[in-house]
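Participant: If it helps, the file is called my_file_16.cif and holds mmCIF, C-alpha atoms:
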```cif
data_model
loop_
_atom_site.label_atom_id
_atom_site.label_comp_id
_atom_site.auth_asym_id
_atom_site.auth_seq_id
_atom_site.Cartn_x
_atom_site.Cartn_y
_atom_site.Cartn_z
CA SER G 1 -118.37 -64.17 -65.17
CA ARG G 2 -116.74 -61.80 -62.75
CA LYS G 3 -112.97 -61.61 -62.84
CA PHE G 4 -111.24 -61.77 -59.52
CA ARG G 5 -108.94 -58.81 -59.14
CA SER G 6 -105.61 -60.20 -58.05
CA ASN G 7 -104.36 -56.76 -57.09
CA TRP G 8 -107.17 -56.05 -54.65
CA SER G 9 -104.59 -55.31 -51.99
CA GLN G 10 -103.72 -52.14 -53.85
CA GLY G 11 -107.16 -50.86 -53.06
CA ASP G 12 -107.33 -47.84 -50.88
CA LYS G 13 -106.44 -48.35 -47.25
CA ASP G 14 -104.67 -45.05 -46.70
CA THR G 15 -107.05 -42.95 -44.70
CA THR G 16 -104.73 -39.97 -44.67
CA LYS G 17 -105.35 -39.37 -48.36
CA GLU G 18 -108.00 -36.92 -49.37
CA VAL G 19 -111.30 -38.74 -49.27
CA THR G 20 -114.76 -37.62 -50.14
CA ILE G 21 -116.40 -36.07 -47.12
CA ILE G 22 -120.05 -36.85 -47.10
CA ARG G 23 -122.13 -34.14 -45.54
CA ARG G 24 -125.54 -34.83 -44.22
CA GLY G 25 -128.28 -34.17 -46.73
CA HIS G 26 -126.14 -34.72 -49.80
CA THR G 27 -126.24 -37.89 -51.78
CA PRO G 28 -122.73 -38.93 -52.78
CA ALA G 29 -122.36 -38.85 -56.55
CA ARG G 30 -120.07 -41.78 -56.77
CA TRP G 31 -118.00 -43.86 -54.43
CA THR G 32 -114.65 -44.03 -56.08
CA ARG G 33 -112.95 -45.46 -53.05
CA GLU G 34 -115.66 -47.86 -51.94
CA GLU G 35 -115.33 -46.64 -48.41
CA VAL G 36 -117.93 -45.38 -46.04
CA VAL G 37 -116.85 -41.99 -44.84
CA THR G 38 -118.84 -39.74 -42.57
CA PRO G 39 -118.20 -36.46 -40.85
CA PRO G 40 -116.26 -36.78 -37.63
CA LEU G 41 -118.33 -37.94 -34.68
CA PRO G 42 -118.78 -35.28 -31.99
CA GLY G 43 -116.25 -35.53 -29.26
CA HIS G 44 -114.05 -37.96 -31.15
CA ALA G 45 -112.43 -35.80 -33.77
CA ALA G 46 -111.50 -32.73 -31.74
CA THR G 47 -107.79 -32.36 -31.30
CA SER G 48 -108.00 -28.87 -29.84
CA SER G 49 -107.44 -28.48 -26.13
CA LEU G 50 -110.66 -26.51 -26.05
CA MET G 51 -112.94 -29.49 -25.86
CA ALA G 52 -116.58 -29.00 -26.63
CA THR G 53 -119.07 -29.66 -23.89
CA PRO G 54 -119.28 -33.33 -22.92
CA MET G 55 -120.83 -35.33 -25.69
CA ASP G 56 -124.52 -35.89 -25.36
CA PHE G 57 -125.23 -39.60 -25.59
CA LYS G 58 -128.39 -39.05 -27.57
CA THR G 59 -126.48 -36.98 -30.12
CA TYR G 60 -123.85 -39.66 -30.31
CA VAL G 61 -126.51 -42.31 -30.88
CA ASP G 62 -128.05 -40.19 -33.58
CA GLN G 63 -124.77 -39.65 -35.42
CA ALA G 64 -123.85 -43.31 -35.08
CA CYS G 65 -127.15 -44.42 -36.55
CA ARG G 66 -126.79 -42.07 -39.47
CA ALA G 67 -123.42 -43.61 -40.17
CA ALA G 68 -124.99 -47.05 -39.88
CA GLU G 69 -127.69 -46.21 -42.40
CA GLU G 70 -125.17 -44.90 -44.89
CA PHE G 71 -122.98 -47.89 -44.34
CA VAL G 72 -125.78 -50.38 -44.88
CA SER G 73 -126.85 -48.65 -48.06
CA ILE G 74 -123.31 -48.74 -49.45
CA TYR G 75 -122.67 -52.28 -48.28
CA TYR G 76 -125.58 -53.96 -50.04
CA ASP G 77 -125.21 -51.84 -53.13
CA THR G 78 -121.59 -52.88 -53.34
CA MET G 79 -122.48 -56.50 -52.63
CA ASP G 80 -124.98 -56.52 -55.48
CA LYS G 81 -123.30 -54.31 -58.06
CA ARG G 82 -119.58 -54.09 -57.32
CA ARG G 83 -118.87 -57.35 -55.57
CA GLN G 84 -115.14 -57.22 -56.30
CA ALA G 85 -114.86 -54.07 -54.15
CA LEU G 86 -116.77 -55.40 -51.16
CA THR G 87 -113.82 -56.46 -49.03
CA ARG G 88 -112.62 -52.85 -48.89
CA LEU G 89 -115.38 -52.42 -46.35
CA TYR G 90 -113.78 -54.99 -44.05
CA LEU G 91 -110.86 -54.69 -41.66
CA ASP G 92 -107.90 -56.92 -42.51
CA LYS G 93 -108.68 -59.25 -39.63
CA ALA G 94 -112.45 -59.14 -39.98
CA THR G 95 -114.40 -62.34 -39.52
CA LEU G 96 -117.63 -63.32 -41.19
CA ILE G 97 -119.88 -66.18 -40.11
CA TRP G 98 -122.04 -66.99 -43.09
CA ASN G 99 -124.84 -69.44 -42.42
CA GLY G 100 -122.64 -70.99 -39.75
CA ASN G 101 -119.47 -71.06 -41.84
CA ILE G 102 -116.49 -69.08 -40.59
CA VAL G 103 -114.62 -66.90 -43.07
CA SER G 104 -111.70 -65.12 -41.46
CA GLY G 105 -109.33 -62.48 -42.82
CA LEU G 106 -109.25 -60.61 -46.08
CA ASP G 107 -107.82 -63.41 -48.22
CA ALA G 108 -110.59 -65.77 -47.18
CA LEU G 109 -113.19 -63.02 -47.53
CA ASN G 110 -112.03 -62.26 -51.06
CA ASN G 111 -112.22 -65.92 -52.03
CA PHE G 112 -115.61 -66.23 -50.43
CA PHE G 113 -117.22 -63.21 -52.06
CA ASP G 114 -115.76 -64.16 -55.40
CA MET G 115 -117.31 -67.60 -55.12
CA LEU G 116 -120.69 -66.45 -53.85
CA PRO G 117 -123.24 -66.14 -56.68
CA SER G 118 -124.46 -62.72 -57.66
CA SER G 119 -127.05 -61.29 -55.34
CA GLU G 120 -130.08 -59.06 -55.12
CA PHE G 121 -130.59 -57.77 -51.62
CA GLN G 122 -133.52 -55.89 -50.23
CA VAL G 123 -133.14 -54.54 -46.74
CA ASN G 124 -136.42 -54.04 -44.94
CA MET G 125 -135.27 -53.30 -41.42
CA LEU G 126 -132.27 -51.81 -39.70
CA ASP G 127 -131.45 -51.35 -36.02
CA CYS G 128 -128.32 -49.78 -34.71
CA GLN G 129 -126.66 -48.98 -31.40
CA PRO G 130 -123.40 -47.32 -30.49
CA VAL G 131 -121.21 -49.44 -28.29
CA HIS G 132 -120.75 -47.44 -25.14
CA GLU G 133 -117.20 -46.37 -24.50
CA GLN G 134 -117.10 -48.51 -21.42
CA ALA G 135 -117.22 -51.58 -23.61
CA THR G 136 -114.59 -50.58 -26.16
CA GLN G 137 -111.81 -48.55 -24.64
CA SER G 138 -110.51 -46.63 -27.58
CA GLN G 139 -112.33 -47.17 -30.84
CA THR G 140 -115.71 -45.92 -31.83
CA THR G 141 -117.89 -48.89 -32.53
CA ILE G 142 -121.45 -49.40 -33.64
CA LEU G 143 -123.59 -52.47 -33.91
CA VAL G 144 -125.98 -52.81 -36.80
CA VAL G 145 -128.67 -55.42 -37.38
CA THR G 146 -130.41 -55.73 -40.73
CA SER G 147 -133.02 -58.01 -42.15
CA GLY G 148 -134.81 -58.39 -45.45
CA THR G 149 -134.74 -60.67 -48.44
CA VAL G 150 -132.01 -61.85 -50.75
CA LYS G 151 -131.92 -63.80 -53.96
CA PHE G 152 -128.67 -65.43 -54.96
CA ASP G 153 -128.37 -66.44 -58.57
CA GLY G 154 -129.46 -70.05 -58.97
CA ASN G 155 -131.12 -70.20 -55.54
CA LYS G 156 -134.54 -69.36 -54.25
CA GLN G 157 -135.21 -66.13 -52.41
CA HIS G 158 -134.56 -66.18 -48.66
CA TYR G 159 -135.31 -63.99 -45.69
CA PHE G 160 -132.05 -63.06 -44.01
CA ASN G 161 -130.70 -61.51 -40.83
CA GLN G 162 -127.30 -59.93 -40.64
CA ASN G 163 -125.38 -58.14 -37.98
CA PHE G 164 -122.25 -56.04 -38.23
CA LEU G 165 -119.80 -54.67 -35.74
CA LEU G 166 -118.51 -51.50 -37.38
CA THR G 167 -115.42 -49.79 -36.20
CA ALA G 168 -114.42 -46.22 -36.94
CA GLN G 169 -111.00 -44.93 -37.71
CA SER G 170 -111.29 -41.26 -36.88
CA THR G 171 -109.14 -38.43 -38.16
CA PRO G 172 -109.76 -34.73 -37.53
CA ASN G 173 -111.53 -34.46 -40.87
CA ASN G 174 -113.51 -37.61 -41.26
CA THR G 175 -114.40 -41.01 -39.95
CA VAL G 176 -113.86 -44.16 -42.02
CA TRP G 177 -116.04 -47.12 -41.11
CA LYS G 178 -115.10 -50.75 -41.61
CA ILE G 179 -116.54 -54.08 -40.62
CA ALA G 180 -114.79 -55.88 -37.77
CA SER G 181 -117.35 -58.68 -37.43
CA ASP G 182 -120.12 -59.82 -39.71
CA CYS G 183 -122.72 -62.52 -39.14
CA PHE G 184 -125.25 -63.57 -41.76
CA ARG G 185 -128.00 -66.19 -41.66
CA PHE G 186 -130.99 -67.12 -43.68
CA GLN G 187 -134.02 -66.91 -41.46
CA ASP G 188 -136.11 -69.44 -43.28
CA TRP G 189 -133.62 -72.09 -44.16
CA ALA G 190 -135.67 -74.84 -42.65
CA SER G 191 -137.70 -74.76 -45.81
CA SER G 192 -134.83 -74.58 -48.31
CA MET C 193 -103.09 -75.30 -46.48
CA PRO C 194 -105.10 -75.69 -49.67
CA VAL C 195 -108.41 -73.92 -49.67
CA THR C 196 -111.20 -76.25 -50.66
CA ARG C 197 -113.65 -74.59 -52.96
CA PRO C 198 -117.04 -75.30 -51.46
CA ARG C 199 -119.95 -76.38 -53.55
CA ASP C 200 -122.61 -73.72 -53.87
CA SER C 201 -125.18 -75.82 -52.09
CA GLN C 202 -122.95 -76.15 -49.05
CA TRP C 203 -123.01 -72.40 -48.52
CA MET C 204 -126.72 -72.20 -49.10
CA SER C 205 -127.46 -74.83 -46.45
CA PRO C 206 -126.60 -73.27 -43.12
CA THR C 207 -124.73 -75.16 -40.46
CA GLY C 208 -125.11 -74.27 -36.84
CA ARG C 209 -126.93 -75.60 -33.90
CA GLN C 210 -130.45 -76.82 -34.23
CA GLY C 211 -132.83 -76.60 -31.31
CA ASP C 212 -131.56 -75.46 -27.94
CA SER C 213 -128.15 -74.32 -26.98
CA CYS C 214 -126.19 -77.55 -26.77
CA GLY C 215 -125.01 -79.11 -29.96
CA GLN C 216 -122.23 -79.17 -32.50
CA ARG C 217 -121.72 -77.28 -35.69
CA GLY C 218 -121.11 -79.05 -38.94
CA GLY C 219 -117.77 -78.99 -40.70
CA PHE C 220 -116.31 -75.77 -42.04
CA PRO C 221 -115.24 -75.73 -45.66
CA GLY C 222 -111.63 -74.78 -46.18
CA THR C 223 -110.69 -74.76 -42.49
CA LEU C 224 -109.56 -77.31 -39.97
CA ALA C 225 -112.49 -79.35 -38.80
CA ARG C 226 -113.05 -79.06 -35.09
CA GLU C 227 -113.05 -82.14 -32.93
CA LYS C 228 -116.26 -82.80 -31.11
CA GLY C 229 -116.36 -80.87 -27.86
CA ASP C 230 -113.63 -78.46 -28.92
CA LYS C 231 -115.63 -75.26 -28.82
CA PRO C 232 -113.87 -71.92 -28.70
CA ILE C 233 -114.13 -70.15 -25.38
CA TRP C 234 -116.30 -67.34 -26.69
CA GLU C 235 -118.79 -69.89 -27.89
CA GLN C 236 -118.86 -71.62 -24.52
CA ILE C 237 -119.33 -68.39 -22.62
CA GLY C 238 -121.79 -67.03 -25.13
CA SER C 239 -124.00 -70.09 -25.27
CA SER C 240 -124.10 -70.36 -21.45
CA PHE C 241 -125.07 -66.75 -21.21
CA ILE C 242 -127.77 -67.09 -23.84
CA GLN C 243 -129.20 -70.18 -22.26
CA HIS C 244 -129.31 -68.35 -18.92
CA TYR C 245 -130.87 -65.29 -20.55
CA TYR C 246 -133.78 -67.14 -22.14
CA GLN C 247 -134.32 -69.24 -19.05
CA LEU C 248 -134.65 -66.07 -16.96
CA PHE C 249 -136.77 -64.41 -19.60
CA ASP C 250 -139.16 -67.32 -19.86
CA ASN C 251 -139.47 -67.94 -16.14
CA ASP C 252 -139.15 -64.54 -14.46
CA ARG C 253 -138.03 -61.68 -16.61
CA THR C 254 -137.96 -59.24 -13.73
CA GLN C 255 -134.71 -60.96 -12.78
CA LEU C 256 -133.01 -59.91 -15.99
CA GLY C 257 -131.76 -56.80 -14.23
CA ALA C 258 -128.57 -58.54 -13.19
CA ILE C 259 -127.40 -59.04 -16.75
CA TYR C 260 -127.62 -55.39 -17.78
CA ILE C 261 -125.58 -52.43 -16.54
CA ASP C 262 -126.61 -48.79 -16.31
CA ALA C 263 -125.03 -48.08 -19.67
CA SER C 264 -126.62 -51.04 -21.49
CA CYS C 265 -128.64 -50.29 -24.62
CA LEU C 266 -131.70 -52.30 -25.46
CA THR C 267 -133.57 -51.94 -28.73
CA TRP C 268 -136.86 -53.80 -28.54
CA GLU C 269 -138.81 -53.92 -31.78
CA GLY C 270 -137.27 -50.59 -32.77
CA GLN C 271 -137.72 -48.80 -29.45
CA GLN C 272 -134.57 -47.75 -27.63
CA PHE C 273 -134.05 -48.16 -23.89
CA GLN C 274 -131.06 -47.66 -21.69
CA GLY C 275 -129.95 -49.44 -18.55
CA LYS C 276 -132.54 -49.91 -15.90
CA ALA C 277 -135.32 -48.60 -18.13
CA ALA C 278 -134.70 -51.67 -20.27
CA ILE C 279 -135.63 -53.95 -17.42
CA VAL C 280 -138.75 -52.00 -16.63
CA GLU C 281 -139.74 -52.34 -20.27
CA LEU C 282 -139.12 -56.06 -20.42
CA SER C 283 -140.93 -56.66 -17.14
CA SER C 284 -143.96 -54.79 -18.34
CA LEU C 285 -144.38 -56.51 -21.69
CA PRO C 286 -147.99 -57.53 -22.05
CA PHE C 287 -147.82 -61.29 -21.86
CA GLN C 288 -147.97 -63.71 -18.96
CA LYS C 289 -146.29 -66.73 -20.42
CA ILE C 290 -143.46 -66.73 -22.92
CA GLN C 291 -141.32 -69.48 -24.30
CA HIS C 292 -138.26 -69.09 -26.51
CA SER C 293 -136.80 -71.80 -28.67
CA ILE C 294 -133.40 -71.23 -30.25
CA THR C 295 -133.02 -72.37 -33.84
CA ALA C 296 -129.46 -71.19 -34.44
CA GLN C 297 -126.84 -69.17 -32.62
CA ASP C 298 -123.54 -67.66 -33.73
CA TYR C 299 -120.73 -66.26 -31.60
CA GLN C 300 -117.75 -64.10 -32.42
CA PRO C 301 -115.06 -62.55 -30.26
CA THR C 302 -114.41 -58.86 -30.75
CA PRO C 303 -110.95 -57.27 -30.85
CA ASP C 304 -111.40 -56.03 -27.28
CA SER C 305 -112.53 -59.36 -25.83
CA CYS C 306 -116.25 -58.85 -25.93
CA ILE C 307 -118.53 -61.48 -27.44
CA ILE C 308 -121.15 -60.84 -30.10
CA SER C 309 -123.96 -63.28 -30.36
CA MET C 310 -126.70 -63.62 -32.95
CA VAL C 311 -129.68 -65.78 -32.15
CA VAL C 312 -132.47 -66.86 -34.49
CA GLY C 313 -135.42 -68.70 -33.08
CA GLN C 314 -139.09 -68.88 -32.35
CA LEU C 315 -141.22 -67.79 -29.47
CA LYS C 316 -144.70 -68.28 -28.18
CA ALA C 317 -146.37 -65.72 -25.95
CA ASP C 318 -149.53 -66.75 -24.08
CA GLU C 319 -151.87 -68.34 -26.61
CA ASP C 320 -150.58 -66.35 -29.59
CA PRO C 321 -149.30 -68.19 -32.66
CA ILE C 322 -145.62 -69.03 -32.75
CA MET C 323 -143.49 -66.24 -34.19
CA GLY C 324 -139.94 -66.07 -35.37
CA PHE C 325 -137.45 -63.70 -33.76
CA HIS C 326 -133.84 -62.71 -33.99
CA GLN C 327 -131.74 -61.09 -31.34
CA MET C 328 -128.23 -59.75 -31.14
CA PHE C 329 -126.26 -59.41 -27.91
CA LEU C 330 -122.91 -57.84 -27.08
CA LEU C 331 -121.45 -59.34 -23.93
CA LYS C 332 -118.67 -57.82 -21.87
CA ASN C 333 -116.74 -59.10 -18.91
CA ILE C 334 -116.85 -56.57 -16.09
CA SER C 335 -115.30 -57.54 -12.76
CA ASP C 336 -115.35 -61.23 -13.61
CA ALA C 337 -119.02 -61.26 -14.58
CA TRP C 338 -120.40 -61.30 -18.09
CA VAL C 339 -122.99 -58.63 -18.69
CA CYS C 340 -124.96 -57.54 -21.70
CA THR C 341 -124.06 -54.04 -22.89
CA ASN C 342 -126.10 -54.12 -26.09
CA ASP C 343 -129.23 -56.05 -26.98
CA MET C 344 -131.34 -55.74 -30.12
CA PHE C 345 -134.51 -57.77 -30.54
CA ARG C 346 -136.85 -58.08 -33.49
CA LEU C 347 -139.74 -60.30 -34.32
CA ALA C 348 -139.61 -61.90 -37.73
CA LEU C 349 -142.51 -60.05 -39.28
CA HIS C 350 -142.81 -60.09 -43.03
CA ASN C 351 -145.75 -57.87 -43.73
CA PHE C 352 -143.79 -55.10 -45.35
CA GLY C 353 -146.57 -52.93 -46.65
#
```
Represent the structure from my file as structure tokens, please.

Facilitator:
Amino acid sequence: SRKFRSNWSQGDKDTTKEVTIIRRGHTPARWTREEVVTPPLPGHAATSSLMATPMDFKTYVDQACRAAEEFVSIYYDTMDKRRQALTRLYLDKATLIWNGNIVSGLDALNNFFDMLPSSEFQVNMLDCQPVHEQATQSQTTILVVTSGTVKFDGNKQHYFNQNFLLTAQSTPNNTVWKIASDCFRFQDWASS
Amino acid sequence: MPVTRPRDSQWMSPTGRQGDSCGQRGGFPGTLAREKGDKPIWEQIGSSFIQHYYQLFDNDRTQLGAIYIDASCLTWEGQQFQGKAAIVELSSLPFQKIQHSITAQDYQPTPDSCIISMVVGQLKADEDPIMGFHQMFLLKNISDAWVCTNDMFRLALHNFG
């Protein structure tokens, strides 16, 4: 059985430390910090007074969706294979609604993911949108919707839908993505 | 407050509204149970909005224009639209009659006072068989009106190659 790491809070939250910068086209060899790090988004990382030309929305969408795809890949892999590290992908005050049950804050999330049986996820679909800056004044935010199948140990396989609100903490060198809101539901629970 | 350790089966049997938008959730393990009628404000706003949305959609979807702004993003079955183009797309979908039925809906506030909503349900278009769908909305209050800035819709299709 999985041991619950009581010192999870010592996990990495310091984004000023050197972190692996993932460049497009390279597959990360290993995720030692269990964080999702992408190159800085255009227009968000520049600190120089010589600003680049105004950010093209299509480019921004493209970059955001790449980040979303990487995030989703890491998230479910971590959920299935390194469950004890999963909450590093959440903000401290993140909230999850799981099949209608509210789980709020890192303590509750840790308890929840420790209790949840081991999982095998298969994601079959992903949609993503950046949240336009009008809607969120300062932070870079993307919305991600996934669906697929999941089998929890001791339960039958279910279709699921999940959505994430991801928020970026940007530095000049990289962007670290974390989950602010998470909502998960079985699609076919009428038959369970 | 002691945290009750939920039974596995409780987590595997979803709570949440059945049928259309009005209704109460079941109890939440490990948290204070809510009194009947004591819904958080984001849930009240969200469920009113959603009810209004599907009513408009089912009766006259050309009127959906009012709920989107120029910067809104719509993703419809994987295709991306922005602002007014979204409305044109929805108005020109190739069915005459459509009826949505909500199976479950979830609402969360965001740190900057928007509301995220996830809806799972079924729909019937013209004489086609009933299909499942899920849809995600991000709602924002602009000048005292709630608008939809992000909308992602997918049918529940399970023929994955």

Participant: CA of Glu235 in chain C and CA of Tyr299 in chain C are how many Å apart?

Facilitator: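 The value is 5.5 Å.
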
Participant: Under the PyMOL selection byres ((chain G) within 6 of (chain C)), which residues of this model are included? Write them out as number ranges by chain.

Facilitator: G: 99-101

Participant: I would like the residues chosen by the PyMOL selection byres ((chain C and resi 281-289) around 6) on the shown file; could you give them as a ChimeraX atom specification?

Facilitator: /C:253-254,278-280,290,317-318

Participant: Could you list, as a list of chain:residue names, every residue within 7 Å of range 148-154 of chain G, counting all atoms listed in the file and ignoring same-chain residues fewer than 3 positions away?

Facilitator: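 Returned residues: G:Pro117, G:Ser118, G:Ser119, G:Glu120, G:Phe121, G:Gln122, G:Val123, G:Asn124, G:Met125, G:Gln157, G:His158, G:Tyr159, G:Phe160, G:Asn161.
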
Participant: So the first atom is CA of Tyr75 in chain G and the second is CA of Gln169 in chain G; what is the distance between them in Å, to one decimal place?

Facilitator: 17.4 Å

Participant: Mind pulling up the distance from CA of Gly105 in chain G to CA of Asn155 in chain G?

Facilitator: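 A separation of 26.4 Å between them.
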
Participant: Translate the PyMOL selection byres ((chain G and resi 144) around 10) into a concrete residue list for this structure, as an NGL selection string.

Facilitator: (:G and (64-65 or 68-69 or 71-72 or 126-130 or 141-143 or 145-146 or 162-166 or 182)) or (:C and (328 or 344))

Participant: Leaving out Tyr90 in chain G and any residue of its chain fewer than 4 positions from it, which residues lie within 7 Å of it when counting all atoms listed in the file, given as a ChimeraX atom specification?

Facilitator: /G:94,178-180

Participant: I'd like to know which of C:Pro232, C:Tyr260, C:Val339, C:Ile307 is closest to Phe273 in chain C, using all atoms listed in the file.

Facilitator: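 Result for the nearest residue to Phe273 in chain C: C:Tyr260.
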
Participant: I'd like the box whose edges run along x, y and z of the file and which contains every listed atom of range 104-122 of chain G, padded by 5 Å per side; could you state its centre and edge lengths in Å, one decimal, as JSON?

Facilitator:
```
{"center_x": -120.7, "center_y": -61.7, "center_z": -49.6, "size_x": 35.7, "size_y": 21.7, "size_z": 26.2}
```

Participant: Measuring between only C-alpha atoms, which one of G:Ser73, G:Ser147, G:Thr78, G:Thr167 shows the shortest distance to Arg185 in chain G?

Facilitator: G:Ser147
